[in-house]
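S.K.: Below is the file entry_32.txt, which contains compact mmCIF, C-alpha atoms.
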```
# COMPACT_ATOMS: atom_id res chain seq x y z
CA MET A 24 7.28 15.41 -18.46
CA ASN A 25 7.24 18.21 -21.02
CA GLN A 26 3.92 16.93 -22.28
CA LEU A 27 2.52 16.96 -18.74
CA ILE A 28 3.51 20.59 -18.27
CA ALA A 29 2.24 21.53 -21.71
CA ILE A 30 -1.18 20.03 -21.02
CA MET A 31 -1.39 21.73 -17.65
CA GLN A 32 -0.38 25.07 -19.14
CA ARG A 33 -3.02 24.68 -21.79
CA GLU A 34 -5.64 23.94 -19.12
CA LEU A 35 -4.61 26.96 -17.11
CA ARG A 36 -4.76 29.24 -20.15
CA HIS A 37 -8.15 27.86 -21.02
CA GLU A 38 -9.37 28.46 -17.48
CA LEU A 39 -8.05 32.02 -17.32
CA ARG A 40 -9.31 32.89 -20.74
CA SER A 41 -12.89 31.91 -19.97
CA ARG A 42 -13.46 34.39 -17.19
CA ARG A 43 -17.00 33.11 -16.90
CA ALA A 44 -15.79 29.82 -15.40
CA TRP A 45 -13.78 31.05 -12.46
CA LEU A 46 -16.02 34.01 -11.73
CA ALA A 47 -18.89 31.54 -11.55
CA ILE A 48 -16.98 29.40 -9.05
CA LEU A 49 -16.11 32.41 -6.87
CA LEU A 50 -19.72 33.52 -6.89
CA TYR A 51 -20.87 29.99 -6.10
CA ILE A 52 -18.51 29.84 -3.11
CA ALA A 53 -19.57 33.24 -1.83
CA SER A 54 -23.29 32.57 -2.12
CA THR A 55 -23.30 29.04 -0.66
CA VAL A 56 -21.18 30.12 2.30
CA TYR A 57 -23.35 33.17 2.85
CA ILE A 58 -26.53 31.06 2.81
CA THR A 59 -25.13 28.75 5.49
CA TYR A 60 -24.16 31.82 7.50
CA LEU A 61 -27.67 33.25 7.20
CA ALA A 62 -29.19 29.94 8.24
CA PHE A 63 -27.05 29.48 11.33
CA GLN A 64 -25.98 33.04 12.28
CA HIS A 65 -23.26 32.73 14.93
CA ASP A 66 -24.54 29.68 16.79
CA LEU A 67 -22.23 27.19 15.14
CA GLU A 68 -21.00 24.42 17.43
CA PRO A 69 -17.70 22.89 16.28
CA VAL A 70 -19.54 19.70 15.27
CA THR A 71 -22.00 21.61 13.08
CA TRP A 72 -19.23 23.82 11.72
CA ASN A 73 -17.36 20.73 10.69
CA ALA A 74 -20.34 19.03 9.06
CA LEU A 75 -21.31 22.18 7.15
CA PHE A 76 -17.78 22.71 5.94
CA TRP A 77 -17.61 19.28 4.33
CA ILE A 78 -21.05 19.63 2.78
CA LEU A 79 -19.93 22.94 1.27
CA ILE A 80 -16.75 21.33 -0.02
CA ILE A 81 -18.70 18.52 -1.75
CA PHE A 82 -21.04 20.84 -3.58
CA ILE A 83 -18.40 23.38 -4.51
CA SER A 84 -16.04 20.70 -5.81
CA MET A 85 -18.85 19.12 -7.84
CA PHE A 86 -19.61 22.48 -9.37
CA ALA A 87 -15.95 23.16 -10.07
CA ALA A 88 -15.30 19.71 -11.54
CA SER A 89 -18.29 19.89 -13.87
CA GLY A 90 -16.61 22.75 -15.71
CA SER A 91 -13.48 20.81 -16.45
CA PHE A 92 -14.42 18.58 -19.41
CA SER A 93 -17.59 20.15 -20.67
CA GLY A 94 -18.12 21.67 -24.06
CA ARG A 95 -14.75 20.63 -25.38
CA GLU A 96 -15.35 17.45 -27.33
CA GLY A 97 -13.61 18.83 -30.42
CA GLU A 98 -10.53 19.78 -28.49
CA MET A 99 -10.38 16.32 -26.96
CA LEU A 100 -10.10 14.85 -30.42
CA TYR A 101 -7.10 17.09 -31.05
CA ILE A 102 -5.37 16.05 -27.82
CA TYR A 103 -6.16 12.44 -28.62
CA ILE A 104 -3.77 12.61 -31.56
CA LEU A 105 -0.99 14.24 -29.57
CA VAL A 106 -0.61 12.46 -26.21
CA SER A 107 -1.18 9.07 -24.62
CA PRO A 108 -4.25 8.70 -22.39
CA ALA A 109 -2.11 7.84 -19.34
CA ARG A 110 -0.17 11.11 -19.69
CA PHE A 111 -3.36 13.01 -20.25
CA ILE A 112 -5.08 11.70 -17.11
CA LEU A 113 -1.95 12.35 -15.03
CA ALA A 114 -1.87 15.95 -16.18
CA ARG A 115 -5.59 16.28 -15.55
CA LEU A 116 -5.35 14.82 -12.05
CA LEU A 117 -2.47 17.15 -11.17
CA TYR A 118 -4.17 20.19 -12.64
CA ASN A 119 -7.58 19.47 -11.12
CA GLY A 120 -5.98 18.62 -7.76
CA ILE A 121 -4.13 21.93 -7.59
CA PHE A 122 -7.18 23.81 -8.84
CA MET A 123 -9.45 22.20 -6.23
CA VAL A 124 -6.98 22.86 -3.42
CA VAL A 125 -6.97 26.55 -4.35
CA VAL A 126 -10.77 26.59 -4.54
CA SER A 127 -11.11 24.86 -1.16
CA ILE A 128 -8.67 27.25 0.51
CA ILE A 129 -10.70 30.20 -0.80
CA THR A 130 -13.83 28.46 0.50
CA LEU A 131 -12.21 27.93 3.89
CA LEU A 132 -11.17 31.58 4.14
CA VAL A 133 -14.62 32.87 3.23
CA TYR A 134 -16.23 30.36 5.59
CA ILE A 135 -13.96 31.39 8.50
CA MET A 136 -14.64 35.04 7.73
CA PHE A 137 -18.39 34.53 8.13
CA THR A 138 -18.64 31.88 10.83
CA GLY A 139 -15.45 32.10 12.90
CA ASN A 140 -12.75 29.53 13.42
CA PRO A 141 -13.20 26.75 16.00
CA VAL A 142 -10.21 24.69 14.78
CA GLY A 143 -7.83 23.73 17.56
CA SER A 144 -4.97 22.26 15.60
CA ILE A 145 -4.48 24.14 12.34
CA ALA A 146 -1.76 21.77 11.06
CA VAL A 147 -3.90 18.63 11.33
CA PHE A 148 -6.92 20.41 9.90
CA MET A 149 -5.05 21.77 6.89
CA ALA A 150 -3.41 18.40 6.19
CA THR A 151 -6.87 16.83 6.27
CA VAL A 152 -8.34 19.41 3.93
CA LEU A 153 -5.47 19.12 1.44
CA LEU A 154 -5.50 15.31 1.32
CA ALA A 155 -9.28 15.01 1.26
CA VAL A 156 -9.75 17.66 -1.42
CA TRP A 157 -7.02 16.07 -3.54
CA GLY A 158 -8.82 12.73 -3.35
CA ILE A 159 -12.22 14.29 -4.05
CA SER A 160 -10.88 16.09 -7.11
CA SER A 161 -9.32 12.92 -8.59
CA LEU A 162 -12.49 10.97 -7.95
CA LEU A 163 -14.66 13.65 -9.52
CA THR A 164 -12.35 13.89 -12.52
CA MET A 165 -12.84 10.18 -13.15
CA ALA A 166 -16.57 10.31 -12.39
CA PHE A 167 -16.98 13.18 -14.79
CA ALA A 168 -15.07 11.39 -17.53
CA ILE A 169 -17.41 8.41 -17.04
CA SER A 170 -20.55 10.53 -17.02
CA ILE A 171 -19.48 12.39 -20.19
CA LYS A 172 -19.14 9.03 -21.96
CA GLY A 173 -22.50 8.09 -20.53
CA GLY A 174 -23.95 11.27 -22.00
CA GLY A 175 -25.52 12.23 -18.68
CA GLY A 176 -23.54 15.32 -17.69
CA PHE A 177 -23.93 16.74 -14.21
CA THR A 178 -26.80 14.58 -12.91
CA LEU A 179 -25.11 11.33 -13.82
CA MET A 180 -21.87 12.54 -12.29
CA ALA A 181 -23.62 13.31 -9.02
CA ILE A 182 -25.24 9.88 -8.92
CA ILE A 183 -22.10 7.89 -9.64
CA SER A 184 -19.72 9.96 -7.53
CA PHE A 185 -21.68 10.30 -4.27
CA PRO A 186 -21.35 6.69 -3.13
CA LEU A 187 -17.65 6.69 -4.04
CA LEU A 188 -17.07 9.97 -2.19
CA VAL A 189 -18.48 8.71 1.10
CA PRO A 190 -15.34 6.81 2.23
CA LEU A 191 -13.18 9.89 1.72
CA LEU A 192 -15.66 12.14 3.47
CA ILE A 193 -16.10 9.88 6.47
CA ILE A 194 -12.36 9.69 7.08
CA ALA A 195 -11.95 13.43 6.49
CA GLN A 196 -14.74 14.22 8.90
CA HIS A 197 -13.27 12.01 11.60
CA LEU A 198 -9.94 13.72 11.20
CA SER A 199 -11.28 17.24 11.17
CA SER A 200 -13.42 16.62 14.24
CA GLN A 201 -10.26 15.36 15.94
CA SER A 202 -8.51 18.57 14.91
CA MET A 203 -11.05 20.65 16.83
CA GLN A 204 -9.04 19.92 19.99
CA PRO A 205 -5.75 21.81 20.42
CA ASN A 206 -3.61 18.68 20.74
CA PRO A 207 -5.28 15.77 18.96
CA SER A 208 -3.95 12.28 19.48
CA GLU A 209 -4.07 9.22 17.23
CA TYR A 210 -4.55 11.22 14.07
CA ILE A 211 -1.50 9.82 12.22
CA GLY A 212 -3.26 6.53 11.41
CA ASN A 213 -6.27 8.34 9.98
CA LEU A 214 -4.08 10.65 7.91
CA ALA A 215 -2.27 7.59 6.57
CA ALA A 216 -5.64 6.04 5.68
CA LEU A 217 -6.62 9.20 3.80
CA LEU A 218 -3.29 9.29 1.98
CA SER A 219 -3.53 5.65 0.95
CA LEU A 220 -7.08 6.21 -0.31
CA ASP A 221 -5.78 9.12 -2.43
CA ALA A 222 -3.03 6.94 -3.83
CA LEU A 223 -5.51 4.18 -4.60
CA ILE A 224 -7.87 6.53 -6.43
CA ALA A 225 -4.99 7.95 -8.48
CA ALA A 226 -3.81 4.44 -9.38
CA LEU A 227 -7.32 3.39 -10.43
CA CYS A 228 -7.71 6.51 -12.59
CA TYR A 229 -4.34 5.87 -14.22
CA LEU A 230 -5.17 2.24 -14.98
CA LEU A 231 -8.78 2.66 -16.07
CA PHE A 232 -8.84 5.97 -17.93
CA PRO A 233 -7.27 4.58 -21.14
CA TYR A 234 -10.35 2.34 -21.56
CA LEU A 235 -12.66 5.34 -21.35
CA TRP A 236 -10.58 7.30 -23.76
CA ARG A 237 -10.84 4.87 -26.67
CA ASP A 238 -13.82 5.47 -28.88
CA MET B 16 -17.09 -23.89 -20.83
CA THR B 17 -19.18 -21.27 -19.06
CA GLN B 18 -22.22 -22.51 -20.92
CA GLY B 19 -21.66 -26.03 -19.55
CA ILE B 20 -21.55 -24.88 -15.94
CA LEU B 21 -24.52 -22.56 -16.39
CA THR B 22 -26.79 -25.29 -17.70
CA ALA B 23 -25.49 -28.18 -15.58
CA LYS B 24 -28.12 -29.58 -13.24
CA TRP B 25 -26.19 -31.11 -10.32
CA TRP B 26 -25.32 -27.93 -8.48
CA LYS B 27 -28.89 -26.67 -8.66
CA PHE B 28 -30.13 -29.85 -6.95
CA LEU B 29 -27.36 -29.41 -4.38
CA CYS B 30 -28.44 -25.80 -3.84
CA ALA B 31 -32.09 -26.77 -3.32
CA LEU B 32 -31.12 -29.53 -0.90
CA LEU B 33 -28.84 -27.25 1.12
CA LEU B 34 -31.47 -24.51 1.36
CA ILE B 35 -34.21 -26.95 2.41
CA TYR B 36 -31.82 -28.21 5.07
CA THR B 37 -31.06 -24.62 6.12
CA ALA B 38 -34.72 -23.73 6.46
CA ILE B 39 -35.60 -26.84 8.49
CA ALA B 40 -32.46 -27.19 10.62
CA GLY B 41 -32.04 -23.44 10.93
CA PHE B 42 -35.33 -23.14 12.79
CA LEU B 43 -35.29 -26.48 14.66
CA ILE B 44 -31.75 -27.24 15.81
CA PRO B 45 -31.12 -25.84 19.30
CA VAL B 46 -29.13 -22.62 19.59
CA PRO B 47 -27.29 -21.28 22.64
CA ALA B 48 -29.70 -19.21 24.79
CA LYS B 49 -28.07 -15.81 25.33
CA PRO B 50 -29.54 -12.65 26.85
CA ILE B 51 -30.81 -10.08 24.34
CA LEU B 52 -30.03 -12.34 21.39
CA HIS B 53 -32.31 -15.27 22.31
CA GLU B 54 -33.64 -16.88 19.16
CA THR B 55 -32.57 -14.00 16.90
CA ILE B 56 -29.19 -15.69 16.68
CA ARG B 57 -30.80 -17.83 13.97
CA ASN B 58 -30.54 -14.79 11.72
CA LEU B 59 -26.95 -15.91 11.23
CA TYR B 60 -28.18 -18.55 8.78
CA PHE B 61 -29.91 -15.94 6.64
CA HIS B 62 -28.52 -12.43 7.13
CA VAL B 63 -24.82 -13.30 7.12
CA CYS B 64 -25.26 -15.66 4.16
CA MET B 65 -26.82 -12.84 2.10
CA TRP B 66 -23.56 -10.89 2.39
CA PHE B 67 -21.50 -13.94 1.48
CA ALA B 68 -23.66 -14.45 -1.59
CA MET B 69 -23.50 -10.75 -2.47
CA MET B 70 -19.72 -10.57 -2.20
CA PHE B 71 -19.36 -13.77 -4.21
CA ILE B 72 -21.55 -12.57 -7.03
CA PHE B 73 -20.04 -9.05 -7.08
CA THR B 74 -16.59 -10.62 -7.31
CA VAL B 75 -17.73 -12.64 -10.32
CA SER B 76 -19.01 -9.39 -11.78
CA LEU B 77 -15.64 -7.72 -11.18
CA VAL B 78 -13.77 -10.59 -12.83
CA TYR B 79 -15.97 -10.41 -15.93
CA SER B 80 -15.65 -6.62 -16.08
CA ILE B 81 -11.87 -6.98 -16.13
CA LYS B 82 -12.19 -9.74 -18.72
CA TYR B 83 -14.35 -7.46 -20.85
CA LEU B 84 -11.77 -4.68 -20.81
CA MET B 85 -9.06 -7.18 -21.79
CA ASP B 86 -11.14 -8.77 -24.52
CA PRO B 87 -14.40 -6.99 -25.44
CA LYS B 88 -16.79 -9.87 -25.99
CA LYS B 89 -20.51 -9.28 -25.59
CA GLU B 90 -20.85 -12.40 -23.45
CA PHE B 91 -18.52 -11.04 -20.77
CA ASP B 92 -20.52 -7.84 -20.54
CA ILE B 93 -23.80 -9.74 -20.17
CA ILE B 94 -22.32 -11.84 -17.35
CA ALA B 95 -20.86 -8.77 -15.59
CA SER B 96 -24.10 -6.79 -15.74
CA GLN B 97 -26.45 -9.64 -14.76
CA THR B 98 -24.29 -10.73 -11.82
CA ALA B 99 -24.21 -7.12 -10.61
CA ASN B 100 -28.02 -6.98 -10.76
CA THR B 101 -28.34 -10.25 -8.84
CA GLY B 102 -25.82 -9.09 -6.24
CA THR B 103 -27.84 -5.95 -5.64
CA VAL B 104 -30.91 -8.04 -4.81
CA PHE B 105 -28.93 -10.05 -2.26
CA GLY B 106 -27.53 -6.82 -0.84
CA ILE B 107 -31.05 -5.46 -0.32
CA LEU B 108 -32.11 -8.71 1.37
CA GLY B 109 -29.02 -8.58 3.59
CA LEU B 110 -29.83 -5.03 4.61
CA ILE B 111 -33.47 -5.85 5.37
CA THR B 112 -32.64 -8.93 7.46
CA GLY B 113 -30.02 -6.89 9.31
CA MET B 114 -32.41 -4.01 9.96
CA LEU B 115 -35.08 -6.33 11.34
CA TRP B 116 -32.49 -7.93 13.59
CA LEU B 117 -31.07 -4.68 14.95
CA ARG B 118 -34.58 -3.45 15.67
CA TYR B 119 -34.89 -6.07 18.39
CA THR B 120 -31.30 -6.34 19.63
CA TRP B 121 -29.72 -2.89 19.49
CA GLY B 122 -30.90 0.03 21.58
CA GLU B 123 -34.52 0.20 22.59
CA THR B 124 -36.38 -2.87 21.38
CA GLY B 125 -38.61 -2.26 18.38
CA LYS B 126 -37.71 1.40 18.01
CA ASP B 127 -34.84 1.92 15.57
CA TRP B 128 -34.49 0.82 11.98
CA TRP B 129 -31.00 2.19 11.56
CA ALA B 130 -27.86 2.79 13.60
CA PRO B 131 -24.76 4.86 12.90
CA ASP B 132 -22.55 1.83 12.56
CA PRO B 133 -19.53 1.23 10.30
CA LYS B 134 -20.93 -2.07 9.05
CA LEU B 135 -24.22 -0.49 8.07
CA ASN B 136 -22.53 2.45 6.39
CA GLY B 137 -20.28 0.11 4.43
CA ALA B 138 -23.22 -2.00 3.31
CA LEU B 139 -25.25 1.02 2.27
CA ILE B 140 -22.36 2.54 0.31
CA ALA B 141 -21.80 -0.74 -1.51
CA LEU B 142 -25.47 -0.87 -2.47
CA LEU B 143 -25.61 2.77 -3.53
CA SER B 144 -22.63 2.34 -5.81
CA TYR B 145 -24.24 -0.65 -7.50
CA PHE B 146 -27.50 1.27 -7.91
CA ALA B 147 -25.38 3.93 -9.60
CA TYR B 148 -23.98 1.18 -11.83
CA ILE B 149 -27.50 0.24 -12.89
CA VAL B 150 -28.42 3.87 -13.55
CA LEU B 151 -25.23 4.32 -15.56
CA ARG B 152 -26.12 1.34 -17.75
CA ILE B 153 -29.68 2.53 -18.30
CA SER B 154 -28.54 6.00 -19.35
CA MET B 155 -26.47 4.79 -22.31
CA ASP B 156 -27.69 3.42 -25.63
CA ASP B 157 -24.58 2.47 -27.59
CA GLU B 158 -23.96 -1.19 -26.64
CA GLN B 159 -20.18 -1.23 -26.80
CA LYS B 160 -19.67 2.11 -25.13
CA LYS B 161 -22.14 1.13 -22.40
CA ALA B 162 -20.28 -2.10 -21.77
CA ARG B 163 -16.88 -0.44 -21.57
CA VAL B 164 -17.89 2.52 -19.40
CA ALA B 165 -19.88 0.26 -17.06
CA ALA B 166 -16.92 -2.11 -16.74
CA VAL B 167 -14.63 0.79 -15.80
CA TYR B 168 -17.10 2.00 -13.19
CA ASN B 169 -17.65 -1.49 -11.84
CA ILE B 170 -13.93 -2.03 -11.21
CA PHE B 171 -13.60 1.42 -9.65
CA ALA B 172 -16.57 0.94 -7.34
CA TYR B 173 -15.63 -2.59 -6.28
CA VAL B 174 -12.06 -1.67 -5.33
CA MET B 175 -13.19 1.44 -3.43
CA MET B 176 -15.79 -0.59 -1.57
CA ILE B 177 -13.37 -3.35 -0.52
CA VAL B 178 -10.71 -0.90 0.62
CA PHE B 179 -13.26 1.14 2.52
CA VAL B 180 -14.62 -1.92 4.30
CA MET B 181 -11.04 -2.78 5.31
CA ILE B 182 -9.93 0.73 6.37
CA TYR B 183 -13.06 1.98 8.09
CA PRO B 184 -13.24 -0.23 11.20
CA ARG B 185 -9.53 0.44 11.84
CA LEU B 186 -9.92 4.22 12.13
CA SER B 187 -9.49 5.59 15.61
CA ASN B 188 -12.71 6.72 17.33
CA VAL B 189 -14.71 4.23 15.31
CA ASP B 190 -16.48 1.44 17.11
CA SER B 191 -19.03 -1.01 15.90
CA LEU B 192 -21.93 -2.63 17.68
CA HIS B 193 -21.95 -5.41 15.15
CA PRO B 194 -21.21 -8.93 16.43
CA GLY B 195 -17.59 -9.83 15.79
CA ASN B 196 -16.49 -6.14 15.82
CA GLY B 197 -15.31 -3.64 18.40
CA GLY B 198 -14.96 -6.22 21.16
CA ASN B 199 -18.42 -7.69 20.60
CA PRO B 200 -18.46 -11.48 20.44
CA GLY B 201 -19.11 -13.02 17.05
CA PHE B 202 -20.86 -16.32 16.64
CA ASN B 203 -17.63 -18.27 17.22
CA GLN B 204 -17.77 -17.46 20.92
CA TYR B 205 -21.42 -18.44 21.23
CA ASP B 206 -21.20 -21.63 19.28
CA LEU B 207 -19.69 -23.79 21.97
CA ASP B 208 -21.13 -27.14 20.91
CA ASN B 209 -20.65 -26.67 17.15
CA HIS B 210 -24.39 -26.98 16.52
CA MET B 211 -24.54 -23.68 14.71
CA ARG B 212 -21.61 -24.50 12.47
CA MET B 213 -23.50 -27.57 11.26
CA VAL B 214 -26.13 -25.29 9.80
CA PHE B 215 -24.09 -22.18 9.06
CA TYR B 216 -21.57 -23.63 6.62
CA PRO B 217 -24.14 -25.50 4.49
CA ALA B 218 -26.32 -22.37 4.60
CA VAL B 219 -23.52 -20.18 3.22
CA MET B 220 -22.92 -22.69 0.44
CA GLY B 221 -26.61 -22.97 -0.34
CA TRP B 222 -27.20 -19.22 -0.57
CA VAL B 223 -24.05 -18.68 -2.64
CA LEU B 224 -25.20 -21.39 -5.04
CA LEU B 225 -28.66 -19.81 -5.17
CA SER B 226 -27.13 -16.47 -6.15
CA ALA B 227 -25.20 -18.22 -8.91
CA TRP B 228 -28.39 -19.97 -10.03
CA ILE B 229 -30.41 -16.76 -10.23
CA ALA B 230 -27.55 -15.02 -12.03
CA SER B 231 -27.26 -17.88 -14.52
CA ILE B 232 -30.95 -17.63 -15.39
CA ASN B 233 -30.63 -13.86 -15.81
CA ILE B 234 -27.57 -14.32 -18.01
CA ARG B 235 -29.34 -16.82 -20.26
CA MET B 236 -32.39 -14.57 -20.54
CA GLU B 237 -30.24 -11.58 -21.42
CA LYS B 238 -28.40 -13.62 -24.05
CA ILE B 239 -31.70 -14.58 -25.70
CA ASN B 240 -32.86 -10.95 -25.53
CA SER B 241 -29.75 -9.62 -27.16
CA TYR B 242 -29.88 -12.37 -29.81
CA HIS B 243 -33.41 -11.32 -30.77
CA HIS B 244 -32.47 -7.67 -30.57
CA ASN B 245 -29.63 -8.16 -33.04
CA LYS B 246 -31.78 -10.21 -35.41
CA ILE B 247 -34.33 -7.43 -35.78
```
How does this structure look as C-alpha cells?
M.R.:
Amino acid sequence: MNQLIAIMQRELRHELRSRRAWLAILLYIASTVYITYLAFQHDLEPVTWNALFWILIIFISMFAASGSFSGREGEMLYIYILVSPARFILARLLYNGIFMVVVSIITLLVYIMFTGNPVGSIAVFMATVLLAVWGISSLLTMAFAISIKGGGGFTLMAIISFPLLVPLLIIAQHLSSQSMQPNPSEYIGNLAALLSLDALIAALCYLLFPYLWRD
Amino acid sequence: MTQGILTAKWWKFLCALLLIYTAIAGFLIPVPAKPILHETIRNLYFHVCMWFAMMFIFTVSLVYSIKYLMDPKKEFDIIASQTANTGTVFGILGLITGMLWLRYTWGETGKDWWAPDPKLNGALIALLSYFAYIVLRISMDDEQKKARVAAVYNIFAYVMMIVFVMIYPRLSNVDSLHPGNGGNPGFNQYDLDNHMRMVFYPAVMGWVLLSAWIASINIRMEKINSYHHNKI
C-alpha cells in the first residue's frame, strides 16, 4: 500500500514539475474544443453533441496517455529494482485513471461552455463519463506499454488501441444518448456492462503487465 | 506430438471430402423456399462456417499465446502467429460473404454493402484488432521481445473481443437484423425437414479442418524460414 502511494506521489511530482506536459494538455483541450465549436457554431443537436464529445474524449485521452511513459526509460530501470510489476501497474492504473477523469471533466466544462448543455440526466451522464474514461485510461495505459516495447510510440499505440476502445465507446455512447432524456429508463444494465468491462480491463492489465515488464 | 498431428494425412483427406460434399450438396440439396431469403439461405454453408473456422483458429492462437508466456519456446510463438494470420483470412472471407448476402436481403436490394448492426460491428472490431496484431509483429525486430509482446496483445484482444460479442447484443436499445438475433428466426426455425443440417454440420467441420490445414502449412513454412534464418 505504501509503495502504491509512493509511486503515485512520484508520478504526480513528475507531472507537476514538467509544466510543459500539463500545459500542453490544457492547450490541446482548449484548441480541439474550440475547433469543433467553430465548425458547428450553435447548431448542435443532442445526437451530434454526444458523438463529438466522445470523439474529443478519445483524442484528448490518447494525447494525455502518450505523455505518461515516454522519455523515461532510465527511470523505469530504477523502479524495476524497487517494486514488483503488479504493484507498479496498479499504481499506474490508479494514477492514470484519476488523471484522465480530471482531464475529461475539464474537457466537459470547456465543451459545455462553448456548445451548451443538452444533457437531461446529469447523474447518469456523469456516471457514464467517469466509468468510460476510467476504462479508456486503463486500456491506453496498457496499449502504451505495449507500443513502447514495440518501439512504435504514438502511431503504434493508436493502431493497437482503437479496435480495443470501440466496445467501451459503443456502450458509453448508448448510455450518454440515453442520458439526454430527463428520466432515462433501462440504463442500469448498460452501466453494469460498462463497469464489468472496466473490471475486466483492469484484471487483464494486472495479469499481463508482468510479462511486458521483463526484459 | 504437435508435429505428428500437423503432418498426419487422414484429416486432410477428410477435410477435402467434406468440402467437396459441401460444395455439391450445398448447391443441389433442396432448401426451404422463404420470402426474401430464397436461395440465399445456402450462404449458411459458407458464411457461417467462416466464422466457426475463424473462432476455432483464433482460439488455438490464444492457447499458444498463453503457452508461450508460461514457457517461452519459439515453436509456440510460431504457432500463435501463423494461426492468427490464418484466422484473419477466414475473418475477411466471412465478412465478404456476409456483405454480399446482406446486399440482397437487408434493406433495398442491391444497394447497401454495410449496415449498422451489432454482429457486423463485432466482426469488424475482431478483424481490426487482429490486423493490429499483425502490424505490431511487423514493427518489432527482436525475436523474443516480439513474441512476448505479441502474445500479451493477443490475449488482451481475444478476451476483449469475446466479452464484447457477449455484452453487446444484451444492451438495451440494441437490436440486430441478423438471423438468430433480435427476434429474427435463425436457421433452426427454417430447417423443418433437417435437410439443411445434413449439409451444415459437415460443412462446419470441413471448413474448420481446412483452417487447421492452412495454418499447419503456414506453421511448417515459418519453422523452415526461422531455421534458415538462424543458420545464417
S.K.: Find the residues in chain B near chain A: any atom within 8 Å counts, using all atoms listed in the file. Write them as JSON, numbers by chain.
M.R.: {"B": [84, 140, 141, 143, 144, 147, 148, 151, 154, 155, 160, 161, 163, 164, 167, 168, 171, 172, 175, 176, 179, 182, 183, 186, 187, 188]}
S.K.: Given all atoms listed in the file as the basis, pick out the residue of A:Ala29, A:Ile52, A:His37, A:Ser89 nearest to Ala114 (chain A).
M.R.: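 Under the stated criterion, the closest residue is A:Ala29.
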S.K.: Which region 38-70 of chain B residues have any atom within 12 Å of an atom of region 93-101 of chain B, and for each, what is the nearest pair of atoms with distance in Å to one decimal, counting only C-alpha atoms, rows sorted by chain and number, as a tab-separated table?
M.R.:
```
residue	atom	partner	partner_atom	distance
B:Met65	CA	B:Thr101	CA	11.3
B:Ala68	CA	B:Thr101	CA	9.6
B:Met69	CA	B:Thr101	CA	8.0
B:Met70	CA	B:Ala99	CA	10.1
```
S.K.: Between CA of Met123 (chain A) and CA of Ser202 (chain A), measure the distance and give it in Å to one decimal.
M.R.: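 These atoms are spaced 21.5 Å apart.
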S.K.: Phe42 (chain B): which residues within 12 Å, counting only C-alpha atoms, same-chain residues fewer than 5 positions away excluded, as number ranges by chain?
M.R.: B: 35-37, 54-61, 211, 214-215
S.K.: Please indicate the distance in Å from CA of Ile170 (chain B) to CA of Ala215 (chain A), rounded to one decimal place.
M.R.: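 Here the two named atoms are 23.3 Å from each other.
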S.K.: Just how far from CA of Pro131 (chain B) is CA of Pro207 (chain A), in Å to one decimal?
M.R.: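 Atom-to-atom, CA of Pro207 (chain A) to CA of Pro131 (chain B), that is 23.1 Å.
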S.K.: I need the residue nearest Ala218 (chain B) from this list: B:Ile177, B:Ala40, B:Pro47, B:Cys64. Use all atoms listed in the file for the distance.
M.R.: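 Ranking B:Ile177, B:Ala40, B:Pro47, B:Cys64 by distance to Ala218 (chain B), first place goes to B:Cys64.
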S.K.: Need to verify the contact set: Ser241 (chain B), 12 Å, only C-alpha atoms, exclusion of same-chain residues closer than 3 positions in sequence. Can you return it as a count of residues only?
M.R.: 14
S.K.: Could you check the closest approach to Met31 (chain A) for each of A:Met85, A:Leu117, A:Ile78, A:Ala47 and tell me which residue wins, using only C-alpha atoms?
M.R.: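 Under the stated criterion, the closest residue is A:Leu117.
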S.K.: For region 137-150 of chain A, please output as a PyMOL selection string all residues within 12 Å (counting all atoms listed in the file; exclusion window: fewer than 3 positions along the same chain).
M.R.: chain A and resi 53-73+75-76+124+127-128+130-134+153-157+195-211+213-215+217-218
S.K.: My list of candidates is A:Ile112, A:Ile135, A:Ala88, A:Ile129. Which is closest to Leu50 (chain A) when distances are computed with only C-alpha atoms?
M.R.: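 For Leu50 (chain A), the nearest of the given residues is A:Ile129.
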S.K.: Region 111-123 of chain A, all listed atoms, 5 Å padding on each side: what axis-aligned box centre and edge lengths in Å to one decimal come out, as lines of an AutoDock Vina configuration file?
M.R.:
```
center_x = -5.7
center_y = 17.8
center_z = -13.2
size_x = 17.6
size_y = 22.1
size_z = 24.0
```
S.K.: Hey, what's within 8 Å of His210 (chain B) if we count all atoms listed in the file and toss same-chain stuff fewer than 5 positions away? As an MDAnalysis selection string, please?
M.R.: chainID B and resid 44:46
